[in-house]
file entry-v1.csv (CSV, C-alpha atoms)
chain,number,residue,atom,x,y,z
O,1,MET,CA,108.5,88.3,135.3
O,2,ARG,CA,106.7,86.9,132.4
O,3,TYR,CA,109.4,84.5,131.2
O,4,ARG,CA,111.4,82.1,133.3
O,5,GLU,CA,113.4,80.9,130.3
O,6,LEU,CA,113.9,82.0,126.7
O,7,MET,CA,115.8,80.4,123.8
O,8,ILE,CA,118.7,82.6,122.8
O,9,ALA,CA,118.6,83.0,119.0
O,10,THR,CA,122.3,83.4,118.4
O,11,SER,CA,125.4,81.3,118.2
O,12,SER,CA,127.7,84.2,119.3
O,13,GLU,CA,129.4,83.1,122.5
O,14,GLY,CA,130.2,86.7,123.4
O,15,LYS,CA,126.5,87.7,123.2
O,16,ILE,CA,125.3,84.6,125.0
O,17,ILE,CA,127.7,85.3,128.0
O,18,GLU,CA,126.8,89.0,128.2
O,19,LEU,CA,123.0,88.5,127.8
O,20,SER,CA,123.0,85.6,130.4
O,21,ALA,CA,124.5,88.0,132.9
O,22,LEU,CA,122.4,90.9,132.0
O,23,LEU,CA,119.1,89.1,132.0
O,24,SER,CA,119.9,86.9,134.9
O,25,PRO,CA,116.4,86.5,136.3
O,26,ILE,CA,115.6,84.7,133.0
O,27,ARG,CA,117.4,81.5,132.1
O,28,LEU,CA,118.7,81.7,128.5
O,29,ILE,CA,118.6,78.3,126.8
O,30,ARG,CA,121.2,77.6,124.1
O,31,PRO,CA,119.5,76.2,121.0
O,32,PRO,CA,120.1,72.5,120.4
O,33,LYS,CA,121.3,73.4,116.9
O,34,VAL,CA,122.3,76.6,115.2
O,35,LEU,CA,120.0,77.8,112.4
O,36,ASN,CA,121.6,79.5,109.4
O,37,ILE,CA,119.6,82.8,109.1
O,38,GLU,CA,120.5,85.3,106.5
O,39,GLU,CA,120.5,88.8,108.0
O,40,GLY,CA,119.1,91.6,105.8
O,41,PRO,CA,120.1,95.1,104.9
O,42,CYS,CA,117.2,96.7,106.6
O,43,SER,CA,117.4,97.2,110.3
O,44,TYR,CA,118.5,95.7,113.6
O,45,LEU,CA,114.8,95.3,114.6
O,46,GLU,CA,114.0,93.4,111.4
O,47,ASN,CA,117.1,91.2,111.8
O,48,ALA,CA,116.3,90.5,115.4
O,49,TYR,CA,112.7,89.6,114.4
O,50,LEU,CA,113.9,87.3,111.6
O,51,LYS,CA,116.3,85.4,114.0
O,52,ALA,CA,113.8,85.2,116.9
O,53,ARG,CA,111.0,84.0,114.6
O,54,SER,CA,113.2,81.3,113.0
O,55,TYR,CA,114.2,79.8,116.4
O,56,PHE,CA,110.6,80.1,117.8
O,57,GLU,CA,109.2,78.3,114.7
O,58,GLU,CA,111.9,75.5,114.9
O,59,PHE,CA,111.9,74.9,118.6
O,60,LYS,CA,108.5,76.2,119.7
O,61,ILE,CA,109.9,78.0,122.7
O,62,PRO,CA,109.7,81.8,123.2
O,63,ALA,CA,112.9,83.1,121.6
O,64,LEU,CA,115.1,86.1,122.4
O,65,ALA,CA,117.2,87.6,119.5
O,66,GLU,CA,119.8,90.3,119.5
O,67,ASP,CA,121.0,92.5,116.7
O,68,SER,CA,123.5,95.2,117.1
O,69,GLY,CA,126.1,97.3,115.2
O,70,LEU,CA,128.5,100.1,115.2
O,71,GLU,CA,127.5,103.4,113.5
O,72,VAL,CA,130.4,105.7,112.6
O,73,SER,CA,129.5,109.3,111.9
O,74,ALA,CA,132.3,109.9,109.4
O,75,LEU,CA,131.2,106.8,107.4
O,76,GLY,CA,127.5,107.9,107.3
O,77,GLY,CA,126.4,105.4,109.9
O,78,MET,CA,128.3,102.5,108.4
O,79,PRO,CA,128.9,99.6,109.1
O,80,GLY,CA,125.6,99.5,111.0
O,81,VAL,CA,123.6,96.4,110.2
O,82,PHE,CA,126.6,95.2,108.2
O,83,SER,CA,128.9,95.3,111.3
O,84,SER,CA,129.6,91.6,111.6
O,85,ARG,CA,130.2,91.2,107.8
O,86,PHE,CA,131.9,94.5,107.1
O,87,SER,CA,135.1,93.0,105.7
O,88,GLU,CA,133.0,91.2,103.0
O,89,LEU,CA,131.1,94.3,102.0
O,90,GLU,CA,131.8,96.2,98.7
O,91,PHE,CA,131.5,99.5,100.6
O,92,GLY,CA,135.0,100.8,101.3
O,93,GLY,CA,136.6,97.8,99.5
O,94,LYS,CA,136.5,94.2,100.5
O,95,GLU,CA,139.2,92.8,102.8
O,96,SER,CA,141.1,89.6,101.8
O,97,GLU,CA,139.9,87.9,105.0
O,98,THR,CA,136.7,87.8,107.0
O,99,GLY,CA,136.0,87.9,110.7
O,100,THR,CA,136.5,90.4,113.5
O,101,ALA,CA,140.2,91.2,112.9
O,102,ALA,CA,139.4,92.0,109.2
O,103,ASN,CA,136.4,94.1,110.2
O,104,ILE,CA,138.5,96.2,112.6
O,105,ARG,CA,141.3,96.5,110.0
O,106,LYS,CA,138.9,97.7,107.4
O,107,LEU,CA,137.3,100.2,109.7
O,108,LEU,CA,140.6,101.7,110.9
O,109,ARG,CA,141.7,101.9,107.2
O,110,LEU,CA,138.6,103.9,106.3
O,111,MET,CA,139.0,106.1,109.4
O,112,GLU,CA,142.6,107.1,108.5
O,113,GLY,CA,142.9,110.9,108.6
O,114,LYS,CA,139.3,111.4,109.7
O,115,GLU,CA,138.9,114.2,112.2
O,116,ASP,CA,135.4,113.2,113.4
O,117,ARG,CA,135.8,109.9,115.1
O,118,SER,CA,132.4,109.9,116.9
O,119,ALA,CA,130.5,106.6,116.7
O,120,LEU,CA,127.8,104.7,118.6
O,121,PHE,CA,127.0,101.1,119.4
O,122,ARG,CA,123.3,100.3,119.0
O,123,CYS,CA,121.6,97.1,120.2
O,124,VAL,CA,118.1,95.8,119.7
O,125,LEU,CA,116.6,92.9,121.6
O,126,LEU,CA,113.4,91.2,120.5
O,127,ILE,CA,111.3,88.5,122.1
O,128,TYR,CA,109.2,86.4,119.7
O,129,ASP,CA,106.4,84.5,121.4
O,130,SER,CA,103.8,83.2,119.0
O,131,GLU,CA,103.0,86.3,116.8
O,132,GLY,CA,104.0,88.9,119.4
O,133,GLY,CA,106.4,89.9,122.0
O,134,LEU,CA,108.6,92.6,123.4
O,135,TRP,CA,111.5,94.7,122.1
O,136,ALA,CA,114.0,97.1,123.6
O,137,GLN,CA,117.0,99.0,122.4
O,138,GLY,CA,120.1,100.7,123.8
O,139,VAL,CA,122.7,103.1,122.5
O,140,CYS,CA,126.3,103.7,123.8
O,141,ARG,CA,128.1,106.7,122.4
O,142,GLY,CA,131.8,107.0,122.0
O,143,GLU,CA,134.6,107.3,119.5
O,144,ILE,CA,136.8,105.2,117.3
O,145,THR,CA,140.4,104.8,118.5
O,146,THR,CA,143.4,104.8,116.1
O,147,ILE,CA,144.7,101.4,117.3
O,148,PRO,CA,143.0,98.4,118.9
O,149,ARG,CA,143.4,98.2,122.7
O,150,GLY,CA,142.3,95.5,125.2
O,151,ALA,CA,141.5,91.9,125.0
O,152,ARG,CA,138.1,91.6,126.7
O,153,GLY,CA,134.7,91.8,125.0
O,154,PHE,CA,134.3,91.0,121.3
O,155,GLY,CA,133.6,92.5,117.9
O,156,TYR,CA,134.6,96.2,117.6
O,157,ASP,CA,135.2,96.6,121.4
O,158,PRO,CA,139.0,97.1,121.1
O,159,ILE,CA,138.6,100.2,118.9
O,160,PHE,CA,135.6,101.8,120.7
O,161,LYS,CA,136.1,104.2,123.5
O,162,PRO,CA,132.8,105.0,125.3
O,163,LEU,CA,132.1,108.7,126.1
O,164,GLY,CA,133.8,109.7,129.3
O,165,GLU,CA,136.1,106.7,129.4
O,166,ASP,CA,139.9,106.6,128.8
O,167,ARG,CA,139.7,102.9,128.1
O,168,THR,CA,138.2,101.0,125.2
O,169,MET,CA,135.3,98.6,125.6
O,170,ALA,CA,137.8,95.8,125.5
O,171,GLU,CA,139.7,97.2,128.4
O,172,LEU,CA,136.7,97.3,130.7
O,173,THR,CA,135.7,94.4,133.0
O,174,ALA,CA,132.5,92.6,132.1
O,175,GLU,CA,130.7,94.4,134.9
O,176,GLU,CA,132.0,97.8,133.8
O,177,LYS,CA,131.0,97.1,130.1
O,178,ASN,CA,127.6,95.8,131.0
O,179,ALA,CA,126.9,98.9,133.1
O,180,ILE,CA,127.3,101.3,130.2
O,181,SER,CA,127.0,99.2,127.0
O,182,HIS,CA,124.3,99.4,124.4
O,183,ARG,CA,123.5,95.7,125.2
O,184,GLY,CA,123.3,96.5,128.9
O,185,ILE,CA,120.9,99.4,128.4
O,186,ALA,CA,118.7,97.4,126.1
O,187,ALA,CA,118.7,94.4,128.5
O,188,ARG,CA,117.7,96.5,131.5
O,189,ARG,CA,114.9,98.2,129.4
O,190,LEU,CA,113.6,94.7,128.4
O,191,LEU,CA,113.6,93.6,132.1
O,192,GLU,CA,111.7,96.8,133.0
O,193,LEU,CA,109.1,96.0,130.3
O,194,LEU,CA,108.8,92.4,131.4
O,195,SER,CA,108.2,93.4,135.0
O,196,GLY,CA,106.1,96.5,134.3
N,197,MET,CA,96.9,96.5,131.7
N,198,ARG,CA,100.1,98.5,131.4
N,199,TYR,CA,98.7,101.4,129.3
N,200,ARG,CA,95.5,103.4,130.0
N,201,GLU,CA,96.2,105.5,126.9
N,202,LEU,CA,98.4,105.4,123.8
N,203,MET,CA,98.9,108.0,121.1
N,204,ILE,CA,97.8,106.4,117.8
N,205,ALA,CA,100.6,107.1,115.3
N,206,THR,CA,98.4,107.2,112.1
N,207,SER,CA,96.1,109.6,110.3
N,208,SER,CA,94.1,106.8,108.7
N,209,GLU,CA,90.5,107.2,109.9
N,210,GLY,CA,89.7,103.6,109.1
N,211,LYS,CA,92.6,102.3,111.2
N,212,ILE,CA,91.8,104.6,114.1
N,213,ILE,CA,88.1,103.5,114.2
N,214,GLU,CA,89.0,99.8,114.0
N,215,LEU,CA,91.9,99.9,116.5
N,216,SER,CA,89.8,102.0,119.0
N,217,ALA,CA,87.2,99.3,119.0
N,218,LEU,CA,89.7,96.4,119.1
N,219,LEU,CA,91.8,97.8,121.9
N,220,SER,CA,88.9,99.3,123.8
N,221,PRO,CA,90.4,98.9,127.3
N,222,ILE,CA,93.0,101.4,126.1
N,223,ARG,CA,92.1,104.9,125.1
N,224,LEU,CA,93.7,105.8,121.8
N,225,ILE,CA,94.6,109.5,121.6
N,226,ARG,CA,94.6,111.2,118.2
N,227,PRO,CA,97.8,113.1,117.6
N,228,PRO,CA,97.4,116.9,117.8
N,229,LYS,CA,99.1,117.1,114.4
N,230,VAL,CA,99.9,114.6,111.8
N,231,LEU,CA,103.6,113.9,111.2
N,232,ASN,CA,104.8,113.2,107.7
N,233,ILE,CA,106.7,109.9,107.9
N,234,GLU,CA,108.2,108.3,104.9
N,235,GLU,CA,107.6,104.6,105.0
N,236,GLY,CA,110.4,102.3,103.9
N,237,PRO,CA,110.6,99.3,101.6
N,238,CYS,CA,111.8,97.0,104.4
N,239,SER,CA,109.1,95.5,106.5
N,240,TYR,CA,105.8,96.2,108.3
N,241,LEU,CA,107.7,96.0,111.7
N,242,GLU,CA,110.2,98.5,110.6
N,243,ASN,CA,107.6,100.9,109.3
N,244,ALA,CA,105.5,100.6,112.5
N,245,TYR,CA,108.7,101.2,114.5
N,246,LEU,CA,109.5,104.4,112.4
N,247,LYS,CA,106.0,105.7,112.9
N,248,ALA,CA,105.7,105.0,116.6
N,249,ARG,CA,109.1,106.4,117.3
N,250,SER,CA,108.4,109.7,115.5
N,251,TYR,CA,105.1,110.2,117.4
N,252,PHE,CA,106.7,109.3,120.7
N,253,GLU,CA,109.6,111.7,120.1
N,254,GLU,CA,107.3,114.5,119.1
N,255,PHE,CA,104.7,114.2,121.8
N,256,LYS,CA,106.4,112.3,124.6
N,257,ILE,CA,103.5,109.9,125.0
N,258,PRO,CA,103.8,106.1,124.5
N,259,ALA,CA,102.7,105.6,120.9
N,260,LEU,CA,101.0,102.8,119.0
N,261,ALA,CA,101.7,102.4,115.3
N,262,GLU,CA,100.2,100.0,112.8
N,263,ASP,CA,101.5,98.8,109.5
N,264,SER,CA,99.8,96.4,107.3
N,265,GLY,CA,99.5,95.2,103.7
N,266,LEU,CA,98.0,92.7,101.3
N,267,GLU,CA,100.3,90.0,100.0
N,268,VAL,CA,99.2,88.3,96.8
N,269,SER,CA,100.7,84.9,95.9
N,270,ALA,CA,100.5,85.3,92.1
N,271,LEU,CA,102.4,88.6,92.5
N,272,GLY,CA,105.2,87.2,94.6
N,273,GLY,CA,103.9,88.8,97.8
N,274,MET,CA,103.2,92.3,96.3
N,275,PRO,CA,102.0,94.9,97.0
N,276,GLY,CA,103.0,94.1,100.7
N,277,VAL,CA,104.6,97.1,102.3
N,278,PHE,CA,103.8,99.1,99.2
N,279,SER,CA,100.0,98.4,99.6
N,280,SER,CA,98.9,102.0,100.3
N,281,ARG,CA,101.1,103.4,97.5
N,282,PHE,CA,100.7,100.6,95.0
N,283,SER,CA,99.3,102.8,92.2
N,284,GLU,CA,102.4,105.0,92.3
N,285,LEU,CA,104.9,102.0,92.1
N,286,GLU,CA,106.8,101.2,89.0
N,287,PHE,CA,106.2,97.5,89.6
N,288,GLY,CA,103.3,96.5,87.3
N,289,GLY,CA,103.1,100.0,85.8
N,290,LYS,CA,102.0,103.2,87.4
N,291,GLU,CA,98.4,104.3,87.4
N,292,SER,CA,97.4,107.8,86.3
N,293,GLU,CA,95.8,108.4,89.7
N,294,THR,CA,96.7,107.7,93.3
N,295,GLY,CA,94.6,106.5,96.2
N,296,THR,CA,92.5,103.4,97.1
N,297,ALA,CA,90.5,103.2,93.9
N,298,ALA,CA,93.6,103.4,91.8
N,299,ASN,CA,95.4,100.7,94.0
N,300,ILE,CA,92.4,98.4,93.5
N,301,ARG,CA,92.2,99.0,89.8
N,302,LYS,CA,95.9,98.2,89.4
N,303,LEU,CA,95.7,95.1,91.4
N,304,LEU,CA,92.7,93.7,89.5
N,305,ARG,CA,94.5,94.6,86.2
N,306,LEU,CA,97.6,92.6,87.3
N,307,MET,CA,95.4,89.7,88.4
N,308,GLU,CA,93.5,89.4,85.1
N,309,GLY,CA,93.6,85.8,84.0
N,310,LYS,CA,95.5,84.6,87.1
N,311,GLU,CA,94.4,81.2,88.3
N,312,ASP,CA,95.9,81.4,91.8
N,313,ARG,CA,94.0,84.2,93.5
N,314,SER,CA,95.2,83.4,97.0
N,315,ALA,CA,96.3,86.3,99.2
N,316,LEU,CA,96.7,87.4,102.8
N,317,PHE,CA,96.4,90.5,104.8
N,318,ARG,CA,99.1,91.0,107.4
N,319,CYS,CA,99.1,93.6,110.2
N,320,VAL,CA,101.9,94.5,112.6
N,321,LEU,CA,101.2,96.6,115.7
N,322,LEU,CA,104.1,98.2,117.7
N,323,ILE,CA,104.2,100.2,120.9
N,324,TYR,CA,107.1,102.6,121.3
N,325,ASP,CA,107.6,103.7,124.9
N,326,SER,CA,111.0,105.2,125.5
N,327,GLU,CA,113.5,102.8,123.8
N,328,GLY,CA,111.3,99.7,124.1
N,329,GLY,CA,107.8,98.3,123.9
N,330,LEU,CA,105.6,95.5,122.6
N,331,TRP,CA,104.7,94.2,119.2
N,332,ALA,CA,102.1,91.8,117.7
N,333,GLN,CA,101.1,90.6,114.3
N,334,GLY,CA,98.1,89.0,112.7
N,335,VAL,CA,97.4,87.3,109.4
N,336,CYS,CA,94.1,86.8,107.6
N,337,ARG,CA,94.1,84.5,104.6
N,338,GLY,CA,91.7,84.7,101.6
N,339,GLU,CA,91.5,85.4,97.9
N,340,ILE,CA,91.3,88.3,95.5
N,341,THR,CA,87.8,88.7,93.9
N,342,THR,CA,87.4,89.6,90.2
N,343,ILE,CA,85.3,92.8,91.0
N,344,PRO,CA,85.0,95.0,94.1
N,345,ARG,CA,82.1,94.3,96.3
N,346,GLY,CA,80.8,96.1,99.4
N,347,ALA,CA,81.1,99.6,100.9
N,348,ARG,CA,82.4,99.0,104.4
N,349,GLY,CA,85.9,98.8,105.7
N,350,PHE,CA,88.7,100.5,103.7
N,351,GLY,CA,91.7,99.8,101.5
N,352,TYR,CA,91.6,96.6,99.6
N,353,ASP,CA,88.6,95.2,101.6
N,354,PRO,CA,86.2,95.3,98.6
N,355,ILE,CA,88.4,92.8,96.6
N,356,PHE,CA,89.5,90.5,99.5
N,357,LYS,CA,87.3,87.5,100.4
N,358,PRO,CA,88.5,85.9,103.7
N,359,LEU,CA,88.8,82.1,103.7
N,360,GLY,CA,85.5,80.4,104.4
N,361,GLU,CA,83.5,83.6,103.6
N,362,ASP,CA,81.2,84.3,100.7
N,363,ARG,CA,81.4,88.0,101.2
N,364,THR,CA,84.3,90.4,100.8
N,365,MET,CA,85.8,92.2,103.8
N,366,ALA,CA,83.9,95.2,102.7
N,367,GLU,CA,80.6,93.4,102.9
N,368,LEU,CA,81.1,92.3,106.6
N,369,THR,CA,79.9,94.4,109.5
N,370,ALA,CA,82.6,96.0,111.6
N,371,GLU,CA,82.1,93.3,114.3
N,372,GLU,CA,82.4,90.5,111.7
N,373,LYS,CA,85.5,92.0,110.2
N,374,ASN,CA,87.2,92.6,113.6
N,375,ALA,CA,86.5,89.0,114.6
N,376,ILE,CA,88.6,87.6,111.7
N,377,SER,CA,90.8,90.4,110.4
N,378,HIS,CA,94.6,90.6,110.5
N,379,ARG,CA,94.1,93.8,112.6
N,380,GLY,CA,91.7,92.1,115.0
N,381,ILE,CA,94.1,89.1,115.5
N,382,ALA,CA,97.1,91.4,116.1
N,383,ALA,CA,95.1,93.6,118.5
N,384,ARG,CA,94.0,90.7,120.6
N,385,ARG,CA,97.5,89.3,120.7
N,386,LEU,CA,98.7,92.8,121.8
N,387,LEU,CA,96.1,92.9,124.6
N,388,GLU,CA,97.2,89.4,125.7
N,389,LEU,CA,100.8,90.5,126.0
N,390,LEU,CA,99.8,93.6,127.8
N,391,SER,CA,97.8,91.7,130.4
N,392,GLY,CA,100.1,88.7,130.6

call {"tool": "encode", "arguments": {"input": "entry-v1.csv", "output": "structure tokens"}}
result
Amino acid sequence: MRYRELMIATSSEGKIIELSALLSPIRLIRPPKVLNIEEGPCSYLENAYLKARSYFEEFKIPALAEDSGLEVSALGGMPGVFSSRFSELEFGGKESETGTAANIRKLLRLMEGKEDRSALFRCVLLIYDSEGGLWAQGVCRGEITTIPRGARGFGYDPIFKPLGEDRTMAELTAEEKNAISHRGIAARRLLELLSG
Amino acid sequence: MRYRELMIATSSEGKIIELSALLSPIRLIRPPKVLNIEEGPCSYLENAYLKARSYFEEFKIPALAEDSGLEVSALGGMPGVFSSRFSELEFGGKESETGTAANIRKLLRLMEGKEDRSALFRCVLLIYDSEGGLWAQGVCRGEITTIPRGARGFGYDPIFKPLGEDRTMAELTAEEKNAISHRGIAARRLLELLSG
């Protein structure tokens, strides 16, 4: 194992909890302060790079960043890199509020009457350690439900039903989610690369 | 060393020759056929990812891709990710021809009368190996000359004078160039990560 600890380049409590469990051989250090980093429209990989680089440059500790999103077939892959700010996006009409509930409301509104409800969660992890590092990604396929169900997880979990599951991501236990989630797959791939 | 061989996800002879020397503990395999991959406007990292992924998916061998560019201060960082197709770009006016000579001609035209001639070469390397891999980058600072000089190297080398050098990149020997170039720095960082 190359890294005993990494600074986690996010302020999302949900992501910190999941990644700490998933990467348990590595200690994830919370940043002493949160940096305000503008995410771009380009790609998860680029966003993860921008976040990890900013934290590395500020705190001089190898940094791990995560970027992820939900890609809905019937919406041409949207919201994708815009997942966390979907309610504010012109695409499909802005919501009056921001945040997770508004994102979900907007997505369900756009999915009304759609036959094809297939979607996938994609996660990219990237380590920035002085001009280089590792990266890994994971995909979890499933479909969009018609109503939110479950109180666990975060983000779009209440309206995403993984393939072969009757429950939504938000109805799974943390262990069940981590076993099949995009973030779990990416984290295990990263650990493989680190020990390989 | 994790990889004895990697497929090199490029058809640029100049890059293959340089990278083969720079990464000599690893054997770089030329692809049996060249894939036509459209580079995006986003970032070197994203372009390297797109190229490496395509070759990995086609040939099922861990793939190494490179993306690089010249960033000129007085042009706001252009041509950047557009370096290899600069002559075709609307920005600054299209040239009548395409290719390296036209790219250089256009750049020198846009730099006429500019006091600030500082620029940098940036290179990103990325390995794609089944949903994960490594990445590294390197930067070489210098300035844009007023006329092309030298016949070695490739791309913008004849009009780029590295910091502290009297000669252009194209006047250096291969060994001299590799010792200071963006590609050399990125390659050595990648080897460090692979052996670390």

call {"tool": "interface_residues", "arguments": {"input": "entry-v1.csv", "of": "chain N", "to": "chain O", "cutoff": "10 Å", "atoms": "all atoms listed in the file", "output": "VMD selection string"}}
result
chain N and resid 197 to 198 236 to 242 245 320 to 335 381 to 382 385 to 386 388 to 390 392

call {"tool": "residues_around", "arguments": {"input": "entry-v1.csv", "residues": "segment 216-226 of chain N", "least_positions_apart": "3", "cutoff": "12 Å", "atoms": "only C-alpha atoms", "output": "PyMOL selection string"}}
result
chain N and resi 197-213+229-231+251+255+257-261+321+323+370-388+390-391

call {"tool": "write_last_selection", "arguments": {"input": "entry-v1.csv", "atoms": "C-alpha atoms", "output": "mmCIF file, in the coordinates of the input"}}
result
data_model
loop_
_atom_site.group_PDB
_atom_site.id
_atom_site.type_symbol
_atom_site.label_atom_id
_atom_site.label_comp_id
_atom_site.auth_asym_id
_atom_site.auth_seq_id
_atom_site.Cartn_x
_atom_site.Cartn_y
_atom_site.Cartn_z
ATOM 1 C CA MET N 197 96.900 96.500 131.700
ATOM 2 C CA ARG N 198 100.100 98.500 131.400
ATOM 3 C CA TYR N 199 98.700 101.400 129.300
ATOM 4 C CA ARG N 200 95.500 103.400 130.000
ATOM 5 C CA GLU N 201 96.200 105.500 126.900
ATOM 6 C CA LEU N 202 98.400 105.400 123.800
ATOM 7 C CA MET N 203 98.900 108.000 121.100
ATOM 8 C CA ILE N 204 97.800 106.400 117.800
ATOM 9 C CA ALA N 205 100.600 107.100 115.300
ATOM 10 C CA THR N 206 98.400 107.200 112.100
ATOM 11 C CA SER N 207 96.100 109.600 110.300
ATOM 12 C CA SER N 208 94.100 106.800 108.700
ATOM 13 C CA GLU N 209 90.500 107.200 109.900
ATOM 14 C CA GLY N 210 89.700 103.600 109.100
ATOM 15 C CA LYS N 211 92.600 102.300 111.200
ATOM 16 C CA ILE N 212 91.800 104.600 114.100
ATOM 17 C CA ILE N 213 88.100 103.500 114.200
ATOM 18 C CA LYS N 229 99.100 117.100 114.400
ATOM 19 C CA VAL N 230 99.900 114.600 111.800
ATOM 20 C CA LEU N 231 103.600 113.900 111.200
ATOM 21 C CA TYR N 251 105.100 110.200 117.400
ATOM 22 C CA PHE N 255 104.700 114.200 121.800
ATOM 23 C CA ILE N 257 103.500 109.900 125.000
ATOM 24 C CA PRO N 258 103.800 106.100 124.500
ATOM 25 C CA ALA N 259 102.700 105.600 120.900
ATOM 26 C CA LEU N 260 101.000 102.800 119.000
ATOM 27 C CA ALA N 261 101.700 102.400 115.300
ATOM 28 C CA LEU N 321 101.200 96.600 115.700
ATOM 29 C CA ILE N 323 104.200 100.200 120.900
ATOM 30 C CA ALA N 370 82.600 96.000 111.600
ATOM 31 C CA GLU N 371 82.100 93.300 114.300
ATOM 32 C CA GLU N 372 82.400 90.500 111.700
ATOM 33 C CA LYS N 373 85.500 92.000 110.200
ATOM 34 C CA ASN N 374 87.200 92.600 113.600
ATOM 35 C CA ALA N 375 86.500 89.000 114.600
ATOM 36 C CA ILE N 376 88.600 87.600 111.700
ATOM 37 C CA SER N 377 90.800 90.400 110.400
ATOM 38 C CA HIS N 378 94.600 90.600 110.500
ATOM 39 C CA ARG N 379 94.100 93.800 112.600
ATOM 40 C CA GLY N 380 91.700 92.100 115.000
ATOM 41 C CA ILE N 381 94.100 89.100 115.500
ATOM 42 C CA ALA N 382 97.100 91.400 116.100
ATOM 43 C CA ALA N 383 95.100 93.600 118.500
ATOM 44 C CA ARG N 384 94.000 90.700 120.600
ATOM 45 C CA ARG N 385 97.500 89.300 120.700
ATOM 46 C CA LEU N 386 98.700 92.800 121.800
ATOM 47 C CA LEU N 387 96.100 92.900 124.600
ATOM 48 C CA GLU N 388 97.200 89.400 125.700
ATOM 49 C CA LEU N 390 99.800 93.600 127.800
ATOM 50 C CA SER N 391 97.800 91.700 130.400
#

call {"tool": "atom_distance", "arguments": {"input": "entry-v1.csv", "atom1": "atom CA of Glu234 of chain N", "atom2": "atom CA of Gly349 of chain N"}}
result
24.3 Å

call {"tool": "residues_around", "arguments": {"input": "entry-v1.csv", "residues": "Ile104 of chain O", "least_positions_apart": "6", "cutoff": "10 Å", "atoms": "only C-alpha atoms", "output": "list in words"}}
result
Ser83, Phe86, Ser87, Leu110, Ile147, Pro148, Gly155, Tyr156, Asp157, Pro158 and Ile159 of chain O

call {"tool": "write_last_selection", "arguments": {"input": "entry-v1.csv", "atoms": "C-alpha atoms", "output": "short mmCIF file (atom, residue, chain, number, x, y, z; two decimals), in the frame of the given file"}}
result
data_model
loop_
_atom_site.label_atom_id
_atom_site.label_comp_id
_atom_site.auth_asym_id
_atom_site.auth_seq_id
_atom_site.Cartn_x
_atom_site.Cartn_y
_atom_site.Cartn_z
CA SER O 83 128.90 95.30 111.30
CA PHE O 86 131.90 94.50 107.10
CA SER O 87 135.10 93.00 105.70
CA LEU O 110 138.60 103.90 106.30
CA ILE O 147 144.70 101.40 117.30
CA PRO O 148 143.00 98.40 118.90
CA GLY O 155 133.60 92.50 117.90
CA TYR O 156 134.60 96.20 117.60
CA ASP O 157 135.20 96.60 121.40
CA PRO O 158 139.00 97.10 121.10
CA ILE O 159 138.60 100.20 118.90
#

call {"tool": "atom_distance", "arguments": {"input": "entry-v1.csv", "atom1": "atom CA of Val72 of chain O", "atom2": "atom CA of Ser118 of chain O"}}
result
6.3 Å

call {"tool": "atom_distance", "arguments": {"input": "entry-v1.csv", "atom1": "atom CA of Phe350 of chain N", "atom2": "atom CA of Met365 of chain N"}}
result
8.8 Å

call {"tool": "residues_around", "arguments": {"input": "entry-v1.csv", "residues": "Glu291 of chain N", "least_positions_apart": "4", "cutoff": "9 Å", "atoms": "all atoms listed in the file", "output": "list in words"}}
result
Phe282, Ser283, Glu284, Leu285, Ala298, Asn299, Arg301 and Lys302 of chain N

call {"tool": "closest_residue", "arguments": {"input": "entry-v1.csv", "among": "N:Cys319, N:Arg281, N:Glu293, N:Leu359", "to": "Gly338 of chain N", "atoms": "only C-alpha atoms"}}
result
N:Leu359

call {"tool": "residues_around", "arguments": {"input": "entry-v1.csv", "residues": "Thr364 of chain N", "least_positions_apart": "4", "cutoff": "8 Å", "atoms": "all atoms listed in the file", "output": "list in words"}}
result
Thr341, Arg345, Gly346, Asp353, Pro354, Ile355, Phe356, Lys357, Pro358 and Leu368 of chain N
